[in-house]
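Asker: Below is run-v8.cif; it holds mmCIF, N, CA and C atoms.
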data_input
#
loop_
_atom_site.label_atom_id
_atom_site.label_comp_id
_atom_site.auth_asym_id
_atom_site.auth_seq_id
_atom_site.Cartn_x
_atom_site.Cartn_y
_atom_site.Cartn_z
N MET A 218 -43.90 -33.72 -41.77
CA MET A 218 -43.93 -32.43 -41.11
C MET A 218 -42.71 -32.23 -40.20
N ILE A 219 -42.40 -33.24 -39.40
CA ILE A 219 -41.25 -33.15 -38.50
C ILE A 219 -39.96 -33.14 -39.32
N ALA A 220 -39.91 -33.91 -40.36
CA ALA A 220 -38.71 -33.97 -41.21
C ALA A 220 -38.47 -32.64 -41.89
N GLU A 221 -39.52 -31.96 -42.31
CA GLU A 221 -39.37 -30.65 -42.95
C GLU A 221 -38.87 -29.61 -41.96
N THR A 222 -39.41 -29.63 -40.76
CA THR A 222 -38.99 -28.67 -39.72
C THR A 222 -37.54 -28.92 -39.34
N THR A 223 -37.15 -30.17 -39.21
CA THR A 223 -35.76 -30.50 -38.89
C THR A 223 -34.83 -30.01 -39.99
N GLU A 224 -35.22 -30.17 -41.22
CA GLU A 224 -34.41 -29.71 -42.34
C GLU A 224 -34.26 -28.20 -42.34
N LYS A 225 -35.35 -27.47 -42.05
CA LYS A 225 -35.29 -26.00 -41.98
C LYS A 225 -34.34 -25.54 -40.87
N ILE A 226 -34.39 -26.24 -39.72
CA ILE A 226 -33.50 -25.89 -38.59
C ILE A 226 -32.04 -26.13 -38.98
N LYS A 227 -31.75 -27.24 -39.65
CA LYS A 227 -30.37 -27.54 -40.06
C LYS A 227 -29.85 -26.48 -41.02
N VAL A 228 -30.69 -26.03 -41.96
CA VAL A 228 -30.28 -24.99 -42.90
C VAL A 228 -30.03 -23.67 -42.16
N TRP A 229 -30.95 -23.33 -41.26
CA TRP A 229 -30.82 -22.07 -40.50
C TRP A 229 -29.55 -22.08 -39.65
N VAL A 230 -29.27 -23.19 -38.95
CA VAL A 230 -28.07 -23.31 -38.11
C VAL A 230 -26.83 -23.30 -38.99
N GLY A 231 -26.86 -23.97 -40.11
CA GLY A 231 -25.70 -24.02 -41.02
C GLY A 231 -25.30 -22.65 -41.51
N ASP A 232 -26.27 -21.76 -41.74
CA ASP A 232 -25.96 -20.41 -42.21
C ASP A 232 -25.40 -19.52 -41.11
N ARG A 233 -25.65 -19.86 -39.85
CA ARG A 233 -25.30 -18.97 -38.72
C ARG A 233 -24.37 -19.64 -37.70
N LYS A 234 -23.50 -20.52 -38.12
CA LYS A 234 -22.62 -21.25 -37.20
C LYS A 234 -21.73 -20.29 -36.40
N ALA A 235 -21.12 -19.34 -37.06
CA ALA A 235 -20.20 -18.40 -36.39
C ALA A 235 -20.95 -17.56 -35.35
N ASP A 236 -22.15 -17.10 -35.68
CA ASP A 236 -22.93 -16.28 -34.76
C ASP A 236 -23.37 -17.08 -33.53
N ILE A 237 -23.76 -18.32 -33.75
CA ILE A 237 -24.19 -19.17 -32.64
C ILE A 237 -23.00 -19.47 -31.72
N LEU A 238 -21.84 -19.77 -32.29
CA LEU A 238 -20.64 -20.03 -31.50
C LEU A 238 -20.26 -18.80 -30.67
N THR A 239 -20.33 -17.62 -31.26
CA THR A 239 -20.02 -16.38 -30.54
C THR A 239 -21.00 -16.19 -29.38
N GLY A 240 -22.26 -16.45 -29.61
CA GLY A 240 -23.26 -16.32 -28.55
C GLY A 240 -23.01 -17.28 -27.41
N ILE A 241 -22.66 -18.52 -27.73
CA ILE A 241 -22.37 -19.52 -26.69
C ILE A 241 -21.16 -19.09 -25.87
N ILE A 242 -20.12 -18.60 -26.52
CA ILE A 242 -18.92 -18.14 -25.80
C ILE A 242 -19.26 -16.99 -24.87
N ILE A 243 -20.06 -16.03 -25.30
CA ILE A 243 -20.44 -14.89 -24.47
C ILE A 243 -21.23 -15.35 -23.25
N VAL A 244 -22.16 -16.27 -23.44
CA VAL A 244 -22.95 -16.79 -22.32
C VAL A 244 -22.05 -17.53 -21.32
N LEU A 245 -21.12 -18.36 -21.81
CA LEU A 245 -20.22 -19.08 -20.91
C LEU A 245 -19.32 -18.13 -20.12
N ILE A 246 -18.80 -17.11 -20.78
CA ILE A 246 -17.96 -16.13 -20.07
C ILE A 246 -18.78 -15.42 -18.99
N GLY A 247 -20.02 -15.08 -19.29
CA GLY A 247 -20.88 -14.44 -18.30
C GLY A 247 -21.14 -15.34 -17.10
N ILE A 248 -21.40 -16.61 -17.34
CA ILE A 248 -21.65 -17.55 -16.24
C ILE A 248 -20.39 -17.73 -15.39
N ILE A 249 -19.24 -17.88 -16.03
CA ILE A 249 -17.98 -18.02 -15.29
C ILE A 249 -17.69 -16.78 -14.47
N SER A 250 -17.87 -15.60 -15.03
CA SER A 250 -17.63 -14.35 -14.31
C SER A 250 -18.55 -14.23 -13.11
N PHE A 251 -19.80 -14.56 -13.29
CA PHE A 251 -20.76 -14.49 -12.18
C PHE A 251 -20.35 -15.46 -11.07
N GLY A 252 -19.95 -16.68 -11.45
CA GLY A 252 -19.53 -17.67 -10.46
C GLY A 252 -18.30 -17.22 -9.69
N LEU A 253 -17.32 -16.64 -10.39
CA LEU A 253 -16.12 -16.14 -9.71
C LEU A 253 -16.45 -14.98 -8.77
N GLY A 254 -17.37 -14.13 -9.20
CA GLY A 254 -17.78 -13.02 -8.33
C GLY A 254 -18.44 -13.52 -7.07
N ARG A 255 -19.31 -14.50 -7.21
CA ARG A 255 -19.97 -15.08 -6.03
C ARG A 255 -18.96 -15.78 -5.14
N LEU A 256 -18.01 -16.45 -5.73
CA LEU A 256 -16.99 -17.15 -4.96
C LEU A 256 -16.16 -16.17 -4.14
N SER A 257 -15.78 -15.04 -4.74
CA SER A 257 -14.96 -14.07 -4.02
C SER A 257 -15.76 -13.38 -2.91
N ALA A 258 -17.08 -13.26 -3.06
CA ALA A 258 -17.90 -12.62 -2.03
C ALA A 258 -18.09 -13.53 -0.83
N THR A 259 -18.00 -14.82 -1.01
CA THR A 259 -18.19 -15.75 0.09
C THR A 259 -16.88 -16.26 0.66
N TRP A 260 -15.79 -15.73 0.21
CA TRP A 260 -14.47 -16.16 0.67
C TRP A 260 -14.30 -15.77 2.13
N THR A 261 -14.00 -16.70 2.98
CA THR A 261 -13.85 -16.41 4.40
C THR A 261 -12.37 -16.21 4.73
N PRO A 262 -12.06 -15.22 5.56
CA PRO A 262 -10.66 -15.01 5.93
C PRO A 262 -10.16 -16.15 6.82
N LYS A 263 -8.90 -16.44 6.69
CA LYS A 263 -8.30 -17.52 7.48
C LYS A 263 -7.94 -16.99 8.86
N PRO A 264 -7.98 -17.84 9.88
CA PRO A 264 -7.62 -17.39 11.22
C PRO A 264 -6.13 -17.06 11.29
N PRO A 265 -5.73 -16.17 12.22
CA PRO A 265 -4.31 -15.82 12.31
C PRO A 265 -3.48 -17.03 12.75
N ILE A 266 -2.24 -17.01 12.36
CA ILE A 266 -1.33 -18.10 12.70
C ILE A 266 -0.88 -17.92 14.15
N SER A 267 -0.93 -19.00 14.90
CA SER A 267 -0.43 -18.95 16.27
C SER A 267 0.69 -19.96 16.41
N ILE A 268 1.67 -19.61 17.20
CA ILE A 268 2.85 -20.46 17.38
C ILE A 268 2.71 -21.17 18.72
N ILE A 269 2.86 -22.48 18.70
CA ILE A 269 2.76 -23.27 19.92
C ILE A 269 4.17 -23.73 20.28
N SER A 270 4.59 -23.40 21.50
CA SER A 270 5.93 -23.77 21.94
C SER A 270 5.96 -25.26 22.30
N PRO A 271 7.15 -25.84 22.46
CA PRO A 271 7.25 -27.28 22.76
C PRO A 271 6.54 -27.69 24.05
N ASN A 272 6.44 -26.76 25.02
CA ASN A 272 5.78 -27.13 26.27
C ASN A 272 4.25 -27.03 26.17
N GLY A 273 3.72 -26.70 24.99
CA GLY A 273 2.28 -26.68 24.77
C GLY A 273 1.62 -25.33 24.96
N ALA A 274 2.37 -24.31 25.39
CA ALA A 274 1.79 -22.99 25.60
C ALA A 274 1.61 -22.31 24.25
N GLU A 275 0.45 -21.71 24.06
CA GLU A 275 0.15 -21.04 22.80
C GLU A 275 0.40 -19.55 22.95
N SER A 276 1.11 -18.97 21.99
CA SER A 276 1.37 -17.53 22.04
C SER A 276 0.26 -16.79 21.32
N LYS A 277 0.09 -15.53 21.65
CA LYS A 277 -0.92 -14.70 21.01
C LYS A 277 -0.44 -14.28 19.63
N PRO A 278 -1.36 -14.16 18.67
CA PRO A 278 -0.95 -13.67 17.34
C PRO A 278 -0.42 -12.25 17.43
N VAL A 279 0.60 -11.98 16.68
CA VAL A 279 1.24 -10.66 16.71
C VAL A 279 0.87 -9.92 15.43
N ALA A 280 0.48 -8.67 15.58
CA ALA A 280 0.18 -7.84 14.41
C ALA A 280 1.48 -7.53 13.68
N PRO A 281 1.47 -7.50 12.36
CA PRO A 281 2.70 -7.21 11.62
C PRO A 281 3.18 -5.79 11.89
N GLN A 282 4.47 -5.64 12.00
CA GLN A 282 5.10 -4.34 12.23
C GLN A 282 5.50 -3.75 10.90
N ILE A 283 5.23 -2.47 10.69
CA ILE A 283 5.58 -1.79 9.46
C ILE A 283 6.90 -1.05 9.69
N PRO A 284 7.94 -1.41 8.93
CA PRO A 284 9.22 -0.74 9.13
C PRO A 284 9.18 0.71 8.64
N VAL A 285 9.90 1.58 9.34
CA VAL A 285 9.99 2.98 8.96
C VAL A 285 11.37 3.22 8.39
N ALA A 286 11.42 3.84 7.21
CA ALA A 286 12.70 4.11 6.56
C ALA A 286 13.46 5.18 7.32
N THR A 287 14.75 4.95 7.52
CA THR A 287 15.61 5.94 8.16
C THR A 287 16.72 6.29 7.20
N PRO A 288 17.23 7.52 7.28
CA PRO A 288 18.31 7.92 6.38
C PRO A 288 19.56 7.08 6.59
N ILE A 289 20.39 7.02 5.56
CA ILE A 289 21.63 6.27 5.63
C ILE A 289 22.51 6.87 6.72
N GLY A 290 23.06 6.02 7.54
CA GLY A 290 23.94 6.47 8.62
C GLY A 290 23.18 7.04 9.80
N ALA A 291 21.91 6.78 9.91
CA ALA A 291 21.12 7.33 11.01
C ALA A 291 21.53 6.69 12.31
N SER A 292 21.59 7.51 13.34
CA SER A 292 21.94 7.05 14.67
C SER A 292 20.68 6.77 15.46
N LYS A 293 20.70 5.70 16.25
CA LYS A 293 19.54 5.37 17.05
C LYS A 293 19.49 6.18 18.34
N THR A 294 20.54 6.93 18.66
CA THR A 294 20.57 7.68 19.91
C THR A 294 20.16 9.14 19.74
N ALA A 295 19.88 9.58 18.53
CA ALA A 295 19.49 10.98 18.33
C ALA A 295 18.13 11.23 18.94
N SER A 296 17.94 12.43 19.48
CA SER A 296 16.65 12.74 20.09
C SER A 296 15.70 13.21 19.01
N ILE A 297 14.86 12.30 18.55
CA ILE A 297 13.90 12.57 17.49
C ILE A 297 12.52 12.59 18.11
N THR A 298 11.74 13.56 17.73
CA THR A 298 10.36 13.64 18.19
C THR A 298 9.47 13.59 16.97
N THR A 299 8.60 12.60 16.91
CA THR A 299 7.66 12.53 15.80
C THR A 299 6.26 12.74 16.35
N SER A 300 5.66 13.82 15.95
CA SER A 300 4.27 14.08 16.34
C SER A 300 3.65 14.95 15.28
N ALA A 301 2.53 14.50 14.76
CA ALA A 301 1.87 15.21 13.67
C ALA A 301 1.32 16.53 14.16
N GLY A 302 1.75 17.60 13.52
CA GLY A 302 1.19 18.91 13.79
C GLY A 302 1.80 19.66 14.95
N SER A 303 2.65 19.05 15.76
CA SER A 303 3.20 19.79 16.90
C SER A 303 4.61 20.28 16.58
N GLN A 304 4.95 21.44 17.06
CA GLN A 304 6.25 22.06 16.82
C GLN A 304 7.11 21.87 18.08
N GLU A 305 7.52 20.64 18.37
CA GLU A 305 8.27 20.37 19.59
C GLU A 305 9.76 20.55 19.41
N GLY A 306 10.24 20.74 18.18
CA GLY A 306 11.66 20.92 17.95
C GLY A 306 11.92 22.15 17.11
N LYS A 307 13.18 22.59 17.13
CA LYS A 307 13.54 23.77 16.35
C LYS A 307 13.81 23.42 14.90
N PHE A 308 14.01 22.14 14.60
CA PHE A 308 14.35 21.71 13.25
C PHE A 308 13.42 20.56 12.85
N VAL A 309 13.09 20.49 11.56
CA VAL A 309 12.16 19.48 11.07
C VAL A 309 12.73 18.83 9.82
N ALA A 310 12.44 17.52 9.66
CA ALA A 310 12.86 16.77 8.47
C ALA A 310 11.75 15.80 8.10
N SER A 311 11.87 15.24 6.92
CA SER A 311 10.91 14.23 6.48
C SER A 311 11.47 12.85 6.80
N LYS A 312 10.60 11.91 7.14
CA LYS A 312 11.03 10.55 7.42
C LYS A 312 11.75 9.94 6.22
N SER A 313 11.32 10.32 5.01
CA SER A 313 11.91 9.72 3.81
C SER A 313 12.95 10.62 3.15
N GLY A 314 13.19 11.80 3.71
CA GLY A 314 14.13 12.73 3.11
C GLY A 314 15.52 12.61 3.70
N ALA A 315 16.41 13.53 3.29
CA ALA A 315 17.78 13.51 3.78
C ALA A 315 18.20 14.86 4.34
N ALA A 316 17.35 15.90 4.25
CA ALA A 316 17.71 17.24 4.69
C ALA A 316 16.78 17.68 5.82
N TYR A 317 17.32 18.53 6.71
CA TYR A 317 16.48 19.10 7.77
C TYR A 317 16.31 20.59 7.51
N HIS A 318 15.23 21.16 8.03
CA HIS A 318 14.84 22.54 7.76
C HIS A 318 14.46 23.22 9.06
N LEU A 319 14.39 24.55 8.99
CA LEU A 319 13.72 25.31 10.05
C LEU A 319 12.22 25.18 9.78
N PRO A 320 11.37 25.20 10.80
CA PRO A 320 9.94 24.98 10.59
C PRO A 320 9.27 25.95 9.62
N ASP A 321 9.82 27.18 9.47
CA ASP A 321 9.18 28.15 8.58
C ASP A 321 9.81 28.19 7.18
N CYS A 322 10.72 27.27 6.87
CA CYS A 322 11.33 27.21 5.54
C CYS A 322 10.33 26.66 4.52
N PRO A 323 10.49 27.03 3.24
CA PRO A 323 9.58 26.52 2.21
C PRO A 323 9.59 24.99 2.11
N GLY A 324 10.75 24.40 2.24
CA GLY A 324 10.84 22.94 2.16
C GLY A 324 10.12 22.25 3.30
N ALA A 325 10.16 22.82 4.48
CA ALA A 325 9.49 22.23 5.64
C ALA A 325 7.98 22.29 5.49
N LYS A 326 7.49 23.34 4.83
CA LYS A 326 6.05 23.48 4.65
C LYS A 326 5.50 22.46 3.66
N GLN A 327 6.36 21.87 2.82
CA GLN A 327 5.91 20.89 1.84
C GLN A 327 5.85 19.47 2.41
N ILE A 328 6.40 19.26 3.60
CA ILE A 328 6.40 17.92 4.21
C ILE A 328 5.04 17.66 4.83
N LYS A 329 4.45 16.52 4.54
CA LYS A 329 3.17 16.16 5.16
C LYS A 329 3.38 16.02 6.67
N SER A 330 2.37 16.41 7.43
CA SER A 330 2.51 16.41 8.89
C SER A 330 2.80 15.01 9.43
N GLU A 331 2.24 13.95 8.84
CA GLU A 331 2.48 12.60 9.35
C GLU A 331 3.89 12.11 9.03
N ASN A 332 4.62 12.79 8.14
CA ASN A 332 5.98 12.40 7.79
C ASN A 332 7.04 13.26 8.46
N LYS A 333 6.63 14.23 9.29
CA LYS A 333 7.60 15.14 9.90
C LYS A 333 8.29 14.50 11.10
N ILE A 334 9.58 14.77 11.20
CA ILE A 334 10.40 14.38 12.34
C ILE A 334 11.01 15.65 12.89
N TYR A 335 10.90 15.88 14.21
CA TYR A 335 11.41 17.10 14.82
C TYR A 335 12.69 16.81 15.60
N PHE A 336 13.62 17.76 15.53
CA PHE A 336 14.87 17.67 16.26
C PHE A 336 15.03 18.92 17.12
N LYS A 337 15.64 18.77 18.29
CA LYS A 337 15.83 19.92 19.18
C LYS A 337 17.05 20.74 18.77
N THR A 338 18.08 20.08 18.23
CA THR A 338 19.29 20.79 17.82
C THR A 338 19.73 20.32 16.44
N GLN A 339 20.61 21.14 15.83
CA GLN A 339 21.18 20.76 14.54
C GLN A 339 22.05 19.50 14.69
N GLU A 340 22.73 19.40 15.81
CA GLU A 340 23.58 18.23 16.05
C GLU A 340 22.75 16.95 16.07
N ASP A 341 21.57 17.00 16.69
CA ASP A 341 20.70 15.83 16.72
C ASP A 341 20.29 15.41 15.31
N ALA A 342 19.95 16.39 14.49
CA ALA A 342 19.54 16.11 13.12
C ALA A 342 20.69 15.50 12.32
N GLU A 343 21.90 16.05 12.50
CA GLU A 343 23.06 15.54 11.78
C GLU A 343 23.47 14.16 12.28
N ARG A 344 23.33 13.91 13.59
CA ARG A 344 23.62 12.58 14.12
C ARG A 344 22.64 11.54 13.56
N ALA A 345 21.43 11.98 13.25
CA ALA A 345 20.43 11.08 12.67
C ALA A 345 20.64 10.86 11.18
N GLY A 346 21.64 11.51 10.59
CA GLY A 346 21.96 11.29 9.19
C GLY A 346 21.42 12.34 8.23
N TYR A 347 20.86 13.43 8.75
CA TYR A 347 20.31 14.49 7.90
C TYR A 347 21.37 15.58 7.70
N HIS A 348 21.23 16.34 6.62
CA HIS A 348 22.11 17.47 6.36
C HIS A 348 21.25 18.73 6.23
N PRO A 349 21.84 19.92 6.39
CA PRO A 349 21.05 21.16 6.27
C PRO A 349 20.49 21.33 4.86
N ALA A 350 19.27 21.80 4.77
CA ALA A 350 18.64 22.05 3.47
C ALA A 350 19.30 23.25 2.81
N GLY A 351 19.53 23.14 1.52
CA GLY A 351 20.19 24.22 0.79
C GLY A 351 19.28 25.40 0.53
N ASN A 352 17.96 25.19 0.50
CA ASN A 352 17.04 26.28 0.20
C ASN A 352 16.44 26.90 1.46
N CYS A 353 17.02 26.63 2.60
CA CYS A 353 16.49 27.14 3.86
C CYS A 353 17.42 28.22 4.42
N PRO A 354 17.05 29.51 4.29
CA PRO A 354 17.91 30.56 4.81
C PRO A 354 17.99 30.49 6.33
N GLY A 355 19.21 30.65 6.83
CA GLY A 355 19.41 30.61 8.27
C GLY A 355 20.07 29.33 8.75
N LEU A 356 20.20 28.34 7.90
CA LEU A 356 20.89 27.10 8.28
C LEU A 356 22.31 27.16 7.76
N SER A 357 23.23 26.74 8.59
CA SER A 357 24.63 26.73 8.17
C SER A 357 24.90 25.41 7.47
N ASN A 358 25.48 25.51 6.26
CA ASN A 358 25.79 24.30 5.48
C ASN A 358 27.15 23.80 5.79
#
When written as structure tokens, how does the structure in this file appear?

Answerer:
Amino acid sequence: MIAETTEKIKVWVGDRKADILTGIIIVLIGIISFGLGRLSATWTPKPPISIISPNGAESKPVAPQIPVATPIGASKTASITTSAGSQEGKFVASKSGAAYHLPDCPGAKQIKSENKIYFKTQEDAERAGYHPAGNCPGLSN
């Protein structure tokens, strides 16, 4: 009786080797995926790096600074005002652009408020490396 059942199982497995192998692979991939998901959910963040000077004093961790792009040839002495939504200058430019506009020009209206830089004079804008916008009526090129 046991020998007959064993023989039937061998025949059944022999006919379906490819299907059984595919099933085993799918189950293993599922288990591995589940384990990786659990591992990523329990991942603990590492503490910030602190620098200890030779005299033993520990410095506070410093938050990373995000650099702001400035136009080529920009001067650090130009009077630039950056404030979202406020019209503190007569001229406006984009932090990532190269041209300055009057606040009511079409180009100025397309600049996102968080990217606007305001200038009090045309000279300040030009010292910062910006040039007059070509599509802005009223600006001298």

Asker: Any chance you could work out the residue set of the PyMOL selection byres (((chain A and resi 320 and name CA) around 7) and name CA) here, as a ChimeraX atom specification?

Answerer: /A:307-309,318-319,321-322,325

Asker: Can you pull out every residue within 8 Å of Asn352 in chain A, counting all atoms listed in the file, but drop anything in the same chain fewer than 2 positions away, and send it as number ranges by chain?

Answerer: A: 318, 322-324, 349-350, 354-356

Asker: Please, what distance in Å, to one decimal, runs between CA of Gly306 in chain A and atom C of Tyr335 in chain A?

Answerer: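 Separation between CA of Gly306 in chain A and atom C of Tyr335 in chain A: 4.8 Å.
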
Asker: Between CA of Lys333 in chain A and CA of Ser311 in chain A, what distance in Å does the model show, to one decimal?

Answerer: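 Those two atoms sit 4.8 Å apart.
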
Asker: By how many Å are CA of Asp341 in chain A and CA of Gly314 in chain A apart?

Answerer: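 It comes out at 15.4 Å.
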
Asker: From the DSSP assignment of the backbone, select every residue of range 228-276 of chain A that is helix (DSSP H, G or I), and format the answer as a PyMOL selection string.

Answerer: chain A and resi 228-232+234-258

Asker: Suppose we keep N, CA and C atoms; can you now write the selection as a JSON list (two decimals), in the frame of the given file?

Answerer:
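Below is the file that was written, out13.json:
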[["chain", "number", "residue", "atom", "x", "y", "z"],
["A", 228, "VAL", "N", -30.69, -26.03, -41.96],
["A", 228, "VAL", "CA", -30.28, -24.99, -42.90],
["A", 228, "VAL", "C", -30.03, -23.67, -42.16],
["A", 229, "TRP", "N", -30.95, -23.33, -41.26],
["A", 229, "TRP", "CA", -30.82, -22.07, -40.50],
["A", 229, "TRP", "C", -29.55, -22.08, -39.65],
["A", 230, "VAL", "N", -29.27, -23.19, -38.95],
["A", 230, "VAL", "CA", -28.07, -23.31, -38.11],
["A", 230, "VAL", "C", -26.83, -23.30, -38.99],
["A", 231, "GLY", "N", -26.86, -23.97, -40.11],
["A", 231, "GLY", "CA", -25.70, -24.02, -41.02],
["A", 231, "GLY", "C", -25.30, -22.65, -41.51],
["A", 232, "ASP", "N", -26.27, -21.76, -41.74],
["A", 232, "ASP", "CA", -25.96, -20.41, -42.21],
["A", 232, "ASP", "C", -25.40, -19.52, -41.11],
["A", 234, "LYS", "N", -23.50, -20.52, -38.12],
["A", 234, "LYS", "CA", -22.62, -21.25, -37.20],
["A", 234, "LYS", "C", -21.73, -20.29, -36.40],
["A", 235, "ALA", "N", -21.12, -19.34, -37.06],
["A", 235, "ALA", "CA", -20.20, -18.40, -36.39],
["A", 235, "ALA", "C", -20.95, -17.56, -35.35],
["A", 236, "ASP", "N", -22.15, -17.10, -35.68],
["A", 236, "ASP", "CA", -22.93, -16.28, -34.76],
["A", 236, "ASP", "C", -23.37, -17.08, -33.53],
["A", 237, "ILE", "N", -23.76, -18.32, -33.75],
["A", 237, "ILE", "CA", -24.19, -19.17, -32.64],
["A", 237, "ILE", "C", -23.00, -19.47, -31.72],
["A", 238, "LEU", "N", -21.84, -19.77, -32.29],
["A", 238, "LEU", "CA", -20.64, -20.03, -31.50],
["A", 238, "LEU", "C", -20.26, -18.80, -30.67],
["A", 239, "THR", "N", -20.33, -17.62, -31.26],
["A", 239, "THR", "CA", -20.02, -16.38, -30.54],
["A", 239, "THR", "C", -21.00, -16.19, -29.38],
["A", 240, "GLY", "N", -22.26, -16.45, -29.61],
["A", 240, "GLY", "CA", -23.26, -16.32, -28.55],
["A", 240, "GLY", "C", -23.01, -17.28, -27.41],
["A", 241, "ILE", "N", -22.66, -18.52, -27.73],
["A", 241, "ILE", "CA", -22.37, -19.52, -26.69],
["A", 241, "ILE", "C", -21.16, -19.09, -25.87],
["A", 242, "ILE", "N", -20.12, -18.60, -26.52],
["A", 242, "ILE", "CA", -18.92, -18.14, -25.80],
["A", 242, "ILE", "C", -19.26, -16.99, -24.87],
["A", 243, "ILE", "N", -20.06, -16.03, -25.30],
["A", 243, "ILE", "CA", -20.44, -14.89, -24.47],
["A", 243, "ILE", "C", -21.23, -15.35, -23.25],
["A", 244, "VAL", "N", -22.16, -16.27, -23.44],
["A", 244, "VAL", "CA", -22.95, -16.79, -22.32],
["A", 244, "VAL", "C", -22.05, -17.53, -21.32],
["A", 245, "LEU", "N", -21.12, -18.36, -21.81],
["A", 245, "LEU", "CA", -20.22, -19.08, -20.91],
["A", 245, "LEU", "C", -19.32, -18.13, -20.12],
["A", 246, "ILE", "N", -18.80, -17.11, -20.78],
["A", 246, "ILE", "CA", -17.96, -16.13, -20.07],
["A", 246, "ILE", "C", -18.78, -15.42, -18.99],
["A", 247, "GLY", "N", -20.02, -15.08, -19.29],
["A", 247, "GLY", "CA", -20.88, -14.44, -18.30],
["A", 247, "GLY", "C", -21.14, -15.34, -17.10],
["A", 248, "ILE", "N", -21.40, -16.61, -17.34],
["A", 248, "ILE", "CA", -21.65, -17.55, -16.24],
["A", 248, "ILE", "C", -20.39, -17.73, -15.39],
["A", 249, "ILE", "N", -19.24, -17.88, -16.03],
["A", 249, "ILE", "CA", -17.98, -18.02, -15.29],
["A", 249, "ILE", "C", -17.69, -16.78, -14.47],
["A", 250, "SER", "N", -17.87, -15.60, -15.03],
["A", 250, "SER", "CA", -17.63, -14.35, -14.31],
["A", 250, "SER", "C", -18.55, -14.23, -13.11],
["A", 251, "PHE", "N", -19.80, -14.56, -13.29],
["A", 251, "PHE", "CA", -20.76, -14.49, -12.18],
["A", 251, "PHE", "C", -20.35, -15.46, -11.07],
["A", 252, "GLY", "N", -19.95, -16.68, -11.45],
["A", 252, "GLY", "CA", -19.53, -17.67, -10.46],
["A", 252, "GLY", "C", -18.30, -17.22, -9.69],
["A", 253, "LEU", "N", -17.32, -16.64, -10.39],
["A", 253, "LEU", "CA", -16.12, -16.14, -9.71],
["A", 253, "LEU", "C", -16.45, -14.98, -8.77],
["A", 254, "GLY", "N", -17.37, -14.13, -9.20],
["A", 254, "GLY", "CA", -17.78, -13.02, -8.33],
["A", 254, "GLY", "C", -18.44, -13.52, -7.07],
["A", 255, "ARG", "N", -19.31, -14.50, -7.21],
["A", 255, "ARG", "CA", -19.97, -15.08, -6.03],
["A", 255, "ARG", "C", -18.96, -15.78, -5.14],
["A", 256, "LEU", "N", -18.01, -16.45, -5.73],
["A", 256, "LEU", "CA", -16.99, -17.15, -4.96],
["A", 256, "LEU", "C", -16.16, -16.17, -4.14],
["A", 257, "SER", "N", -15.78, -15.04, -4.74],
["A", 257, "SER", "CA", -14.96, -14.07, -4.02],
["A", 257, "SER", "C", -15.76, -13.38, -2.91],
["A", 258, "ALA", "N", -17.08, -13.26, -3.06],
["A", 258, "ALA", "CA", -17.90, -12.62, -2.03],
["A", 258, "ALA", "C", -18.09, -13.53, -0.83]]

Asker: Give the answer as one residue: which of A:Ala342, A:Thr239, A:Ala258, A:Ala310 has the shortest atom-to-atom distance to Ile328 in chain A, using all atoms listed in the file?

Answerer: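 Of the candidates, the smallest distance to Ile328 in chain A is held by A:Ala310.
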
Asker: Kindly indicate which residue among A:Lys337, A:Gly351, A:Gly254, A:Val228 lies nearest to Tyr317 in chain A, using all atoms listed in the file for the distances.

Answerer: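 Ranked by minimum distance to Tyr317 in chain A, first place goes to A:Gly351.
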